[in-house]
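Pasting work_19.txt here (compact mmCIF, C-alpha atoms):
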# COMPACT_ATOMS: atom_id res chain seq x y z
CA MET A 569 198.39 -104.66 149.15
CA SER A 570 200.68 -107.34 147.81
CA LEU A 571 203.67 -107.52 145.55
CA ALA A 572 201.43 -106.95 142.53
CA ARG A 573 202.67 -104.17 140.32
CA PHE A 574 200.92 -100.89 140.75
CA SER A 575 199.44 -99.32 137.67
CA ASP A 576 201.76 -96.60 136.54
CA THR A 577 200.58 -93.99 134.18
CA PRO A 578 203.78 -92.67 132.63
CA ALA A 579 202.37 -89.20 132.07
CA LEU A 580 202.58 -88.10 135.69
CA LEU A 581 205.79 -86.50 136.87
CA ILE A 582 206.16 -88.23 140.21
CA THR A 583 205.54 -91.74 138.92
CA ARG A 584 208.48 -91.26 136.56
CA LEU A 585 210.89 -90.35 139.36
CA ASP A 586 213.52 -92.66 140.75
CA PRO A 587 212.60 -94.18 144.16
CA ARG A 588 215.69 -92.50 145.64
CA SER A 589 214.54 -88.98 144.78
CA ARG A 590 211.06 -89.79 146.05
CA ILE A 591 212.40 -91.01 149.39
CA ILE A 592 214.69 -88.00 149.79
CA GLY A 593 211.89 -85.67 148.73
CA ALA A 594 209.43 -87.20 151.20
CA VAL A 595 211.87 -86.95 154.11
CA PHE A 596 212.59 -83.29 153.37
CA CYS A 597 208.90 -82.44 152.88
CA VAL A 598 207.96 -83.99 156.21
CA LEU A 599 210.87 -82.35 158.01
CA ALA A 600 209.84 -79.01 156.52
CA ALA A 601 206.17 -79.58 157.39
CA VAL A 602 206.91 -80.26 161.04
CA SER A 603 209.28 -77.29 161.36
CA MET A 604 206.86 -74.61 160.14
CA THR A 605 206.15 -72.20 162.99
CA THR A 606 203.47 -69.88 161.61
CA THR A 607 200.00 -70.55 160.29
CA VAL A 608 201.03 -69.04 156.94
CA GLY A 609 203.94 -71.43 156.59
CA GLN A 610 201.84 -74.38 157.67
CA ILE A 611 199.10 -73.61 155.17
CA GLY A 612 201.75 -73.07 152.48
CA MET A 613 203.11 -76.52 153.23
CA ILE A 614 199.65 -78.08 152.90
CA ILE A 615 199.23 -76.43 149.50
CA ALA A 616 202.68 -77.63 148.44
CA ALA A 617 201.83 -81.18 149.54
CA LEU A 618 198.53 -81.10 147.65
CA ALA A 619 200.37 -79.82 144.58
CA LEU A 620 202.76 -82.77 144.84
CA ALA A 621 199.78 -85.10 145.12
CA THR A 622 198.30 -83.77 141.88
CA PHE A 623 201.52 -84.74 140.12
CA ALA A 624 201.41 -88.23 141.63
CA ASP A 625 199.15 -91.12 140.86
CA VAL A 626 197.14 -90.51 144.03
CA ASN A 627 193.74 -92.01 144.56
CA TRP A 628 191.89 -89.04 146.05
CA ARG A 629 189.16 -91.08 147.67
CA ASP A 630 191.82 -93.15 149.36
CA MET A 631 193.52 -89.95 150.47
CA LEU A 632 190.34 -88.57 152.08
CA HIS A 633 189.75 -91.88 153.78
CA ARG A 634 193.27 -91.87 155.16
CA LEU A 635 193.08 -88.26 156.35
CA ALA A 636 189.79 -89.00 158.12
CA HIS A 637 191.48 -91.89 159.88
CA VAL A 638 194.40 -89.75 160.96
CA GLU A 639 192.06 -87.08 162.30
CA GLY A 640 190.06 -89.66 164.21
CA PHE A 641 193.30 -90.79 165.73
CA MET A 642 194.20 -87.38 167.13
CA VAL A 643 190.73 -86.41 168.20
CA VAL A 644 191.51 -86.73 171.92
CA LEU A 645 194.46 -84.40 171.63
CA LEU A 646 192.58 -81.89 169.50
CA ILE A 647 189.60 -81.71 171.84
CA LEU A 648 191.69 -81.51 174.97
CA LEU A 649 194.12 -78.81 173.84
CA PRO A 650 191.61 -75.92 173.62
CA LEU A 651 190.15 -77.05 176.96
CA SER A 652 193.38 -77.53 178.84
CA VAL A 653 195.74 -74.82 177.59
CA ASP A 654 195.47 -71.52 179.42
CA GLY A 655 194.84 -68.38 177.42
CA ARG A 656 192.25 -65.81 176.46
CA THR A 657 188.82 -67.42 176.28
CA PHE A 658 187.57 -67.77 172.75
CA ILE A 659 184.19 -69.35 173.39
CA ALA A 660 182.67 -70.73 176.58
CA PHE A 661 180.04 -73.44 176.88
CA GLY A 662 178.93 -73.22 180.50
CA PRO A 663 181.92 -74.27 182.61
CA LEU A 664 183.92 -75.35 179.53
CA ALA A 665 186.05 -72.57 178.11
CA LEU A 666 187.95 -72.98 174.87
CA SER A 667 191.14 -70.92 175.00
CA GLU A 668 192.41 -69.09 171.97
CA THR A 669 195.98 -70.30 172.48
CA GLY A 670 194.77 -73.87 172.75
CA LEU A 671 192.74 -73.57 169.55
CA MET A 672 195.73 -72.12 167.71
CA ARG A 673 197.97 -74.95 168.94
CA ALA A 674 195.39 -77.50 167.84
CA LEU A 675 195.11 -75.84 164.43
CA ALA A 676 198.91 -75.89 164.03
CA ILE A 677 199.00 -79.60 164.79
CA VAL A 678 196.16 -80.37 162.37
CA LEU A 679 197.93 -78.47 159.59
CA LYS A 680 201.35 -80.03 160.22
CA VAL A 681 200.05 -83.57 160.57
CA ASN A 682 197.93 -83.32 157.42
CA ALA A 683 200.71 -81.76 155.35
CA SER A 684 203.01 -84.62 156.40
CA VAL A 685 200.47 -87.30 155.59
CA ILE A 686 199.62 -85.80 152.19
CA ALA A 687 203.30 -85.41 151.24
CA THR A 688 204.13 -88.96 152.35
CA MET A 689 201.20 -90.30 150.42
CA ALA A 690 202.03 -88.34 147.28
CA LEU A 691 205.67 -89.39 147.19
CA LEU A 692 205.81 -92.81 148.84
CA ALA A 693 202.41 -94.51 149.00
CA THR A 694 202.25 -94.62 145.22
CA LEU A 695 205.66 -96.27 145.08
CA GLU A 696 205.77 -100.01 144.58
CA PRO A 697 207.11 -101.53 147.86
CA VAL A 698 209.86 -103.45 146.07
CA ARG A 699 211.16 -100.25 144.50
CA LEU A 700 210.87 -98.47 147.84
CA GLY A 701 213.04 -101.19 149.39
CA ARG A 702 215.65 -101.03 146.65
CA GLY A 703 215.74 -97.26 146.86
CA MET A 704 216.28 -97.45 150.62
CA ALA A 705 219.07 -100.00 150.20
CA THR A 706 220.81 -97.84 147.62
CA LEU A 707 220.56 -94.85 149.96
CA GLY A 708 222.42 -96.82 152.63
CA VAL A 709 219.72 -98.48 154.75
CA PRO A 710 221.16 -101.84 155.97
CA ALA A 711 220.34 -104.68 153.57
CA ARG A 712 218.96 -106.89 156.35
CA LEU A 713 216.42 -104.25 157.29
CA VAL A 714 215.36 -103.93 153.66
CA HIS A 715 215.02 -107.72 153.38
CA LEU A 716 212.77 -107.63 156.44
CA LEU A 717 210.67 -104.92 154.81
CA LEU A 718 210.29 -106.84 151.56
CA PHE A 719 209.30 -110.06 153.34
CA LEU A 720 206.84 -108.07 155.44
CA VAL A 721 205.20 -106.60 152.36
CA ARG A 722 204.75 -110.04 150.88
CA TYR A 723 203.67 -112.03 153.92
CA GLN A 724 201.53 -109.55 155.83
CA SER A 725 198.88 -109.65 153.11
CA LEU A 726 199.05 -113.45 153.11
CA PHE A 727 198.58 -113.67 156.88
CA ARG A 728 195.80 -111.12 156.84
CA GLU A 729 193.90 -113.35 154.45
CA GLU A 730 194.72 -116.35 156.62
CA GLY A 731 193.47 -114.48 159.69
CA ALA A 732 190.27 -113.46 157.92
CA ARG A 733 189.67 -117.13 157.07
CA LEU A 734 190.24 -118.17 160.69
CA MET A 735 187.83 -115.49 161.89
CA GLU A 736 185.21 -116.61 159.39
CA ALA A 737 185.61 -120.20 160.52
CA MET A 738 185.10 -119.06 164.13
CA ARG A 739 181.91 -117.25 163.18
CA ALA A 740 180.70 -120.28 161.22
CA ARG A 741 181.06 -122.28 164.43
CA GLY A 742 178.85 -119.78 166.20
CA PHE A 743 181.42 -117.45 167.75
CA ALA A 744 180.05 -114.01 168.60
CA PRO A 745 182.26 -111.53 170.45
CA ARG A 746 181.02 -110.67 173.95
CA LEU A 747 182.70 -109.31 177.02
CA ASP A 748 183.40 -112.63 178.71
CA MET A 749 186.24 -115.08 179.29
CA ARG A 750 185.20 -117.24 176.36
CA THR A 751 185.70 -114.33 174.00
CA TRP A 752 189.19 -113.62 175.34
CA ARG A 753 190.07 -117.29 175.13
CA ALA A 754 188.81 -117.39 171.53
CA TYR A 755 190.90 -114.31 170.64
CA GLY A 756 193.90 -115.88 172.36
CA ASN A 757 193.48 -119.08 170.37
CA PHE A 758 193.03 -117.05 167.19
CA THR A 759 196.24 -115.12 167.88
CA GLY A 760 198.10 -118.29 168.79
CA MET A 761 196.85 -120.13 165.71
CA LEU A 762 197.93 -117.36 163.38
CA LEU A 763 201.38 -117.35 165.01
CA VAL A 764 201.66 -121.13 164.68
CA ARG A 765 200.69 -120.87 161.01
CA SER A 766 203.29 -118.12 160.44
CA MET A 767 205.93 -120.26 162.16
CA GLU A 768 205.08 -123.23 159.94
CA ARG A 769 205.08 -121.07 156.84
CA ALA A 770 208.41 -119.57 157.92
CA GLU A 771 209.95 -123.03 158.25
CA ARG A 772 208.71 -124.10 154.82
CA VAL A 773 209.92 -120.93 153.12
CA GLU A 774 213.26 -121.11 154.88
CA GLU A 775 213.80 -124.69 153.76
CA SER A 776 212.90 -123.99 150.17
CA MET A 777 215.13 -120.91 150.11
CA ARG A 778 218.05 -122.87 151.56
CA CYS A 779 217.44 -125.54 148.97
CA ARG A 780 217.88 -122.92 146.27
CA GLY A 781 221.09 -121.69 147.78
CA PHE A 782 219.93 -118.53 149.57
CA SER A 783 222.89 -117.24 151.56
CA GLY A 784 221.24 -114.25 153.18
CA LYS A 785 221.40 -111.76 150.31
CA PHE A 786 219.28 -110.62 147.42
CA PRO A 787 220.50 -108.17 144.83
CA LEU A 788 219.15 -104.87 146.08
CA ARG A 789 221.29 -101.93 145.09
CA MET A 790 220.22 -99.92 142.09
CA THR A 791 223.00 -99.21 139.69
CA ARG A 792 221.14 -96.86 137.40
CA ALA A 793 222.18 -93.22 137.70
CA LEU A 794 219.56 -90.60 138.51
CA ASN A 795 217.87 -88.97 135.50
CA PRO A 796 218.00 -85.25 134.77
CA THR A 797 214.27 -85.26 135.71
CA ASP A 798 215.23 -86.43 139.20
CA TYR A 799 217.78 -83.66 139.65
CA ALA A 800 215.30 -81.12 138.34
CA PHE A 801 212.62 -82.40 140.72
CA MET A 802 214.92 -82.23 143.74
CA CYS A 803 216.11 -78.74 142.87
CA LEU A 804 212.55 -77.49 142.42
CA LEU A 805 211.42 -79.12 145.63
CA GLY A 806 214.40 -77.66 147.45
CA LEU A 807 213.58 -74.18 146.15
CA LEU A 808 209.92 -74.59 147.07
CA ILE A 809 210.74 -75.65 150.62
CA PHE A 810 213.30 -72.85 150.96
CA GLY A 811 210.70 -70.34 149.77
CA LEU A 812 208.15 -71.64 152.25
CA PHE A 813 210.72 -71.36 155.04
CA LEU A 814 211.38 -67.73 154.13
CA LEU A 815 207.65 -67.07 154.13
CA ASP A 816 207.32 -68.85 157.47
CA ARG A 817 210.15 -67.02 159.21
CA LEU A 818 209.44 -63.58 157.74
CA ALA A 819 205.64 -63.60 157.79
CA MET B 428 197.49 -93.60 170.37
CA ALA B 429 200.70 -95.61 170.21
CA HIS B 430 201.50 -94.40 166.69
CA ILE B 431 202.37 -90.75 167.10
CA PRO B 432 202.05 -88.91 163.75
CA ASP B 433 204.49 -86.39 162.27
CA GLY B 434 203.99 -82.87 163.51
CA VAL B 435 203.11 -83.51 167.15
CA LEU B 436 206.46 -83.96 168.90
CA SER B 437 209.32 -81.49 169.35
CA PHE B 438 212.72 -81.96 167.73
CA PRO B 439 214.67 -82.92 170.89
CA VAL B 440 212.19 -85.75 171.57
CA LEU B 441 212.29 -86.88 167.92
CA ILE B 442 216.09 -86.91 167.87
CA GLY B 443 216.33 -88.69 171.23
CA GLY B 444 213.89 -91.36 170.12
CA GLY B 445 215.62 -91.67 166.75
CA VAL B 446 219.06 -92.23 168.27
CA ILE B 447 217.85 -94.82 170.81
CA ALA B 448 215.85 -96.62 168.12
CA ALA B 449 218.78 -96.64 165.66
CA CYS B 450 221.07 -98.26 168.25
CA ALA B 451 218.41 -100.79 169.24
CA VAL B 452 217.62 -101.69 165.61
CA ALA B 453 221.34 -102.11 164.86
CA LEU B 454 221.67 -104.39 167.88
CA GLY B 455 218.65 -106.41 166.81
CA LEU B 456 219.95 -106.76 163.23
CA LYS B 457 223.26 -108.03 164.58
CA LYS B 458 221.43 -110.73 166.52
CA ILE B 459 219.66 -112.03 163.39
CA GLY B 460 222.01 -114.13 161.28
CA ASP B 461 221.88 -113.76 157.50
CA GLU B 462 220.28 -117.23 157.21
CA ASP B 463 217.65 -116.40 159.84
CA ILE B 464 216.24 -113.48 157.87
CA PRO B 465 213.38 -115.32 156.11
CA ARG B 466 212.27 -116.97 159.37
CA THR B 467 212.36 -113.82 161.46
CA ALA B 468 210.78 -111.78 158.70
CA ILE B 469 207.88 -114.17 158.15
CA LEU B 470 207.18 -114.43 161.89
CA ALA B 471 207.29 -110.65 162.08
CA SER B 472 204.77 -110.53 159.21
CA GLY B 473 202.45 -112.75 161.24
CA PHE B 474 202.61 -110.32 164.15
CA PHE B 475 202.13 -107.36 161.82
CA ALA B 476 199.07 -108.94 160.24
CA LEU B 477 197.66 -109.68 163.71
CA SER B 478 198.13 -106.10 164.83
CA LEU B 479 196.10 -104.93 161.83
CA PHE B 480 193.03 -106.94 162.88
CA ALA B 481 190.37 -104.91 164.65
CA LEU B 482 189.02 -107.30 167.28
CA PRO B 483 185.43 -106.39 168.18
CA VAL B 484 185.07 -105.64 171.90
CA GLY B 485 181.61 -104.58 173.04
CA PRO B 486 180.48 -101.64 170.92
CA SER B 487 184.04 -100.80 169.84
CA SER B 488 187.09 -102.69 168.64
CA VAL B 489 190.75 -102.88 169.60
CA HIS B 490 194.03 -103.41 167.80
CA LEU B 491 196.56 -105.45 169.72
CA LEU B 492 200.01 -103.92 170.26
CA LEU B 493 201.59 -107.36 170.75
CA GLY B 494 204.76 -105.94 172.35
CA GLY B 495 204.90 -108.66 175.00
CA LEU B 496 204.29 -111.58 172.63
CA MET B 497 206.79 -110.23 170.10
CA GLY B 498 209.41 -109.82 172.81
CA ILE B 499 208.89 -113.40 173.94
CA VAL B 500 209.00 -114.92 170.45
CA LEU B 501 211.41 -112.61 168.57
CA GLY B 502 213.79 -111.44 171.31
CA ALA B 503 216.04 -108.57 170.25
CA ALA B 504 214.79 -108.93 166.66
CA ILE B 505 211.67 -107.12 167.89
CA PHE B 506 213.39 -103.78 167.17
CA PRO B 507 214.02 -104.22 163.43
CA ALA B 508 210.68 -106.05 163.10
CA VAL B 509 208.71 -103.20 164.68
CA CYS B 510 210.77 -100.64 162.77
CA VAL B 511 209.91 -102.01 159.33
CA ALA B 512 206.29 -102.65 160.35
CA LEU B 513 205.86 -99.04 161.48
CA LEU B 514 207.61 -97.73 158.38
CA LEU B 515 205.28 -99.75 156.18
CA GLN B 516 202.29 -98.55 158.17
CA ALA B 517 203.34 -94.92 157.84
CA VAL B 518 204.00 -95.21 154.11
CA MET B 519 201.15 -97.46 153.05
CA PHE B 520 198.35 -96.64 155.50
CA GLY B 521 199.28 -93.20 156.84
CA PHE B 522 199.48 -94.25 160.51
CA GLY B 523 202.41 -92.97 162.48
CA GLY B 524 205.04 -90.95 160.68
CA LEU B 525 208.50 -90.74 159.22
CA THR B 526 210.05 -88.34 161.74
CA THR B 527 208.35 -90.11 164.66
CA LEU B 528 209.48 -93.56 163.52
CA GLY B 529 212.25 -93.70 166.13
CA VAL B 530 210.05 -92.61 169.03
CA ASN B 531 207.31 -95.05 168.03
CA VAL B 532 209.78 -97.94 167.71
CA VAL B 533 211.09 -97.23 171.20
CA ASN B 534 207.59 -96.92 172.66
CA ILE B 535 206.36 -100.22 171.26
CA ALA B 536 209.47 -102.40 171.07
CA LEU B 537 211.50 -101.42 174.14
CA PRO B 538 208.99 -102.72 176.74
CA GLY B 539 208.58 -105.90 174.71
CA ALA B 540 212.33 -106.46 174.40
CA LEU B 541 213.00 -105.87 178.11
CA ILE B 542 210.09 -107.86 179.54
CA GLY B 543 210.26 -110.51 176.81
CA SER B 544 213.92 -111.29 177.45
CA LEU B 545 213.12 -111.54 181.16
CA VAL B 546 210.16 -113.91 180.91
CA ALA B 547 211.04 -115.98 177.79
CA PRO B 548 213.26 -118.45 179.72
CA MET B 549 210.63 -118.78 182.45
CA ILE B 550 207.92 -119.53 179.87
CA GLN B 551 210.04 -122.19 178.16
CA SER B 552 210.29 -124.33 181.27
CA ALA B 553 206.79 -123.65 182.65
CA THR B 554 203.59 -125.69 182.32
CA PRO B 555 201.00 -124.25 179.87
CA ALA B 556 198.94 -122.79 182.72
CA ARG B 557 201.90 -121.10 184.38
CA ALA B 558 203.25 -119.95 181.01
CA ALA B 559 199.87 -118.38 180.25
CA LEU B 560 199.90 -116.53 183.55
CA ILE B 561 203.43 -115.21 183.03
CA ALA B 562 202.75 -114.21 179.41
CA GLY B 563 199.48 -112.53 180.39
CA VAL B 564 201.14 -110.40 183.05
CA ALA B 565 204.04 -109.64 180.69
CA SER B 566 201.70 -108.59 177.85
CA ALA B 567 199.69 -106.33 180.13
CA LEU B 568 202.85 -104.78 181.56
CA CYS B 569 204.18 -104.07 178.06
CA VAL B 570 201.03 -102.17 177.10
CA GLY B 571 201.24 -100.21 180.35
CA LEU B 572 204.89 -99.37 179.74
CA THR B 573 204.11 -98.27 176.20
CA GLY B 574 201.53 -95.89 177.65
CA LEU B 575 204.08 -94.68 180.17
CA LEU B 576 206.52 -93.97 177.30
CA VAL B 577 203.99 -92.27 175.00
CA ALA B 578 202.90 -89.90 177.76
CA PRO B 579 206.33 -88.37 178.49
CA ALA B 580 207.13 -88.24 174.75
CA LEU B 581 204.10 -85.93 174.51
CA ALA B 582 204.65 -84.10 177.80
CA LEU B 583 208.35 -83.44 177.08
CA SER B 584 207.48 -82.05 173.64
CA SER B 585 205.23 -79.34 174.97
CA ALA B 586 203.74 -78.51 178.35
CA ASP B 587 200.41 -78.12 176.51
CA TYR B 588 200.16 -81.87 176.15
CA MET B 589 200.42 -82.54 179.89
CA PHE B 590 196.68 -82.90 180.44
CA SER B 591 196.12 -84.91 177.26
CA ALA B 592 198.97 -87.23 178.23
CA ARG B 593 197.28 -87.97 181.56
CA VAL B 594 193.98 -88.74 179.87
CA MET B 595 195.82 -90.98 177.42
CA ILE B 596 197.38 -93.01 180.22
CA ALA B 597 193.89 -93.70 181.57
CA THR B 598 192.82 -95.12 178.21
CA TYR B 599 195.66 -97.64 178.39
CA ILE B 600 194.21 -99.38 181.45
CA PRO B 601 191.44 -101.31 179.64
CA LEU B 602 193.90 -102.05 176.83
CA MET B 603 196.28 -103.61 179.37
CA LEU B 604 193.54 -105.88 180.61
CA ILE B 605 192.51 -107.02 177.13
CA GLU B 606 196.05 -107.56 175.90
CA GLY B 607 196.94 -109.43 179.08
CA LEU B 608 194.04 -111.86 178.67
CA VAL B 609 194.56 -112.42 174.95
CA GLY B 610 198.34 -112.75 175.38
CA GLY B 611 197.91 -115.28 178.18
CA PHE B 612 195.45 -117.46 176.26
CA CYS B 613 197.65 -117.16 173.16
CA ILE B 614 200.74 -118.50 174.94
CA SER B 615 198.71 -121.25 176.59
CA PHE B 616 197.56 -122.31 173.10
CA VAL B 617 201.05 -122.10 171.56
CA LYS B 618 202.58 -123.96 174.48
CA ARG B 619 200.20 -126.88 173.90
CA VAL B 620 200.20 -126.85 170.09
CA LYS B 621 203.69 -125.79 169.01
CA PRO B 622 206.06 -125.17 171.90
CA GLU B 623 209.01 -124.87 169.45
CA LEU B 624 207.72 -121.37 168.70
CA LEU B 625 208.91 -120.43 172.18
CA ALA B 626 212.08 -122.52 172.02
CA GLY B 627 214.52 -119.75 171.41
CA ALA B 628 214.30 -116.13 170.45
CA ALA B 629 215.30 -115.90 166.80

Structure translated into structure tokens:
Amino acid sequence: MSLARFSDTPALLITRLDPRSRIIGAVFCVLAAVSMTTTVGQIGMIIAALALATFADVNWRDMLHRLAHVEGFMVVLLILLPLSVDGRTFIAFGPLALSETGLMRALAIVLKVNASVIATMALLATLEPVRLGRGMATLGVPARLVHLLLFLVRYQSLFREEGARLMEAMRARGFAPRLDMRTWRAYGNFTGMLLVRSMERAERVEESMRCRGFSGKFPLRMTRALNPTDYAFMCLLGLLIFGLFLLDRLA
Amino acid sequence: MAHIPDGVLSFPVLIGGGVIAACAVALGLKKIGDEDIPRTAILASGFFALSLFALPVGPSSVHLLLGGLMGIVLGAAIFPAVCVALLLQAVMFGFGGLTTLGVNVVNIALPGALIGSLVAPMIQSATPARAALIAGVASALCVGLTGLLVAPALALSSADYMFSARVMIATYIPLMLIEGLVGGFCISFVKRVKPELLAGAA
């Protein structure tokens, strides 16, 4: 990911929205997803998030990849919950008993986490980082924090390439990771070298920015008013979330 | 599991973490001058890029948390740096979450800020070997403290997580060892090659 413009197909609803409405929408979707208390509400939220994703320029293969990653991340928690939470036994494998309560808790977490990830991806991952930053600034996030974000977007990809080159050079010199001191020393040198390179790059960029009169500010705030489409989107999303809450609390 | 996703923690824990993180980020932003932004931001990008590398270790691989090193190099700016890095990670890669941003910032940056501010002056005046030792211990301690913060964030959210939290703490022990060694060798390298990097927290 770099500053390169993302392809935007104008036909899709969400790609046409203002960054501000996408940020607000994402925050409310995630808040709603984590507050659902019943399985019905949680499944409803997943469906809503998937519906949002179909209106966004989402790469589905990327989405599956990302969800698999997230699941892999929580695997410890998901395996341990049915084993460690007391409750009526659902299935027993020898001495290991999976409790029904534990399984239900694990299911609730899986549903909530996935709904949040899908909604975030639909509304924010498809947003160009520069527009995300400007939207945040306009919504009141401190300008310095947004500057940090924008620099991070630009330079993290640069340093990842730099790091990959360093690693390749290490391998070319015969480095193979093992579990010994030499390996740790090599990783330490690698880490140190990348930090030294970032420091040097930082100095060069700082000097050239000073030379062009940078005084600590970029224009960030968006002056354009929200479109009727944005208001319509937020109203619909609000109604959808309200409906899901009713379903969740009454079901 | 230092990046807790949305949907795992309870609201009181999320709000507590959010408030602490907001104060800490505000403090860190105050410490960065307007002119220092490019420098701090580019250094932070270096750390972010490093944390994304999966270093092969035996049959598996690890990602470094870098709390200790960031604390030593960035000082209080570690809070805004970690905050934007985690936000970007949540939005672009789906790790961590929006509601858990505050808790995750506290878990990763607070140990680094505390220990970093304590050891940074010692490292500046030390020989490379001593600096490496101090930085190694500091890096390992930061990982351990992060584990000790993640566990209660889980355990306070729901009693169900108690057992999982204990198991999680155990997984932090090898990570402490690895991060301590890499952090130590890293500072020894930086101390010999470019000691200005450690000259003063930005």

Find the nearest atom pair between each residue of chain B and chain A for residues within 6 Å, count all atoms listed in the file, give distances in Å to one decimal, sort rows by chain and ascending number, and present the table as a Markdown table.
| residue | atom | partner | partner_atom | distance |
| --- | --- | --- | --- | --- |
| B:Asp433 | CA | A:Val681 | CA | 5.5 |
| B:Gly434 | CA | A:Val602 | CA | 4.6 |
| B:Asp461 | CA | A:Gly784 | CA | 4.4 |
| B:Glu462 | CA | A:Gly784 | CA | 5.1 |
| B:Pro465 | CA | A:Glu774 | CA | 5.9 |
| B:Arg466 | CA | A:Ala770 | CA | 4.9 |
| B:Ala468 | CA | A:Leu716 | CA | 5.1 |
| B:Ile469 | CA | A:Ala770 | CA | 5.4 |
| B:Leu470 | CA | A:Ser766 | CA | 5.6 |
| B:Ser472 | CA | A:Gln724 | CA | 4.8 |
| B:Gly473 | CA | A:Ser766 | CA | 5.5 |
| B:Ala476 | CA | A:Gln724 | CA | 5.1 |
| B:Val511 | CA | A:Leu717 | CA | 5.4 |
| B:Val518 | CA | A:Ala693 | CA | 5.4 |
| B:Met519 | CA | A:Ala693 | CA | 5.2 |
| B:Asp587 | CA | A:Val653 | CA | 5.8 |
| B:Ser591 | CA | A:Leu645 | CA | 5.9 |
| B:Val609 | CA | A:Gly756 | CA | 4.4 |
| B:Phe612 | CA | A:Gly756 | CA | 4.5 |
| B:Cys613 | CA | A:Gly756 | CA | 4.0 |
| B:Phe616 | CA | A:Asn757 | CA | 5.9 |
| B:Val617 | CA | A:Gly760 | CA | 5.6 |

What is the CA of Ile542 (chain B) to CA of Ile442 (chain B) distance in Å?
-> 24.7 Å

Which residues, written as a ChimeraX atom specification, have at least one atom at most 8 Å from Leu581 (chain B), with only C-alpha atoms counted and residues fewer than 6 positions away on the same chain left out?
-> /B:435-436,588-589,592

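The smallest atom-to-atom distance between Phe438 (chain B) and any of B:Gly529, B:Gly571, B:Pro507, B:Gly523, using all atoms listed in the file, is found for B:Gly529.
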
Minimum-distance residue to Leu632 (chain A), chosen among A:Ile809, A:Leu618, A:Leu804, A:Ile611 (using all atoms listed in the file) = A:Leu618

Between CA of Arg629 (chain A) and CA of Phe522 (chain B), what is the distance, to one decimal in Å?
-> 16.8 Å

Compile the contact shell of Ala578 (chain B) as a list in words: residues with an atom at most 10 Å away, counting all atoms listed in the file, same-chain residues fewer than 5 positions apart removed.
-> Met428, Ala429, Asn534, Leu572, Thr573, Leu583, Ser584, Tyr588, Met589, Phe590, Ser591, Ala592, Arg593, Val594, Met595 and Ile596 of chain B

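The two atoms in question, CA of Gln551 (chain B) and CA of Ala453 (chain B), are spaced 26.6 Å apart.
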
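If you measure from each of B:Thr526, B:Gly543, B:Ser437, B:Leu513 to Ala586 (chain B) using all atoms listed in the file, the closest one turns out to be B:Ser437.
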
Long-range neighbours of region 583-589 of chain A as a ChimeraX atom specification, 7 Å cut-off, only C-alpha atoms, 6 positions minimum in chain | /A:576,624-625,699-700,703,707,794,798,802

Near Pro538 (chain B), counting all atoms listed in the file, which residues have an atom at most 10 Å away, once you skip same-chain residues fewer than 5 positions from it, shown as JSON, numbers by chain?
-> {"B": [494, 495, 498, 533, 543, 544, 565, 566, 568, 569, 570, 571, 572, 573, 576]}

Taking the partial coordinates given, rebuild region 478-488 of chain B to contain N, CA and C atoms; return it as a short mmCIF file (atom, residue, chain, number, x, y, z; two decimals), in the coordinates of the input.
data_model
loop_
_atom_site.label_atom_id
_atom_site.label_comp_id
_atom_site.auth_asym_id
_atom_site.auth_seq_id
_atom_site.Cartn_x
_atom_site.Cartn_y
_atom_site.Cartn_z
N SER B 478 198.36 -107.42 164.26
CA SER B 478 198.13 -106.10 164.83
C SER B 478 197.19 -105.28 163.97
N LEU B 479 197.00 -105.68 162.71
CA LEU B 479 196.10 -104.93 161.83
C LEU B 479 194.64 -105.35 162.00
N PHE B 480 194.41 -106.50 162.68
CA PHE B 480 193.03 -106.94 162.88
C PHE B 480 192.36 -106.10 163.95
N ALA B 481 191.16 -105.62 163.65
CA ALA B 481 190.37 -104.91 164.65
C ALA B 481 189.48 -105.95 165.33
N LEU B 482 189.82 -106.30 166.57
CA LEU B 482 189.02 -107.30 167.28
C LEU B 482 187.83 -106.61 167.92
N PRO B 483 186.60 -107.03 167.59
CA PRO B 483 185.43 -106.39 168.18
C PRO B 483 185.38 -106.63 169.69
N VAL B 484 185.22 -105.55 170.44
CA VAL B 484 185.07 -105.64 171.90
C VAL B 484 183.89 -104.75 172.27
N GLY B 485 182.80 -105.37 172.71
CA GLY B 485 181.61 -104.58 173.04
C GLY B 485 181.22 -103.76 171.82
N PRO B 486 180.92 -102.48 172.03
CA PRO B 486 180.48 -101.64 170.92
C PRO B 486 181.66 -101.15 170.06
N SER B 487 182.89 -101.35 170.54
CA SER B 487 184.04 -100.80 169.84
C SER B 487 184.94 -101.95 169.37
N SER B 488 186.15 -101.64 169.01
CA SER B 488 187.09 -102.69 168.64
C SER B 488 188.50 -102.26 169.03
#
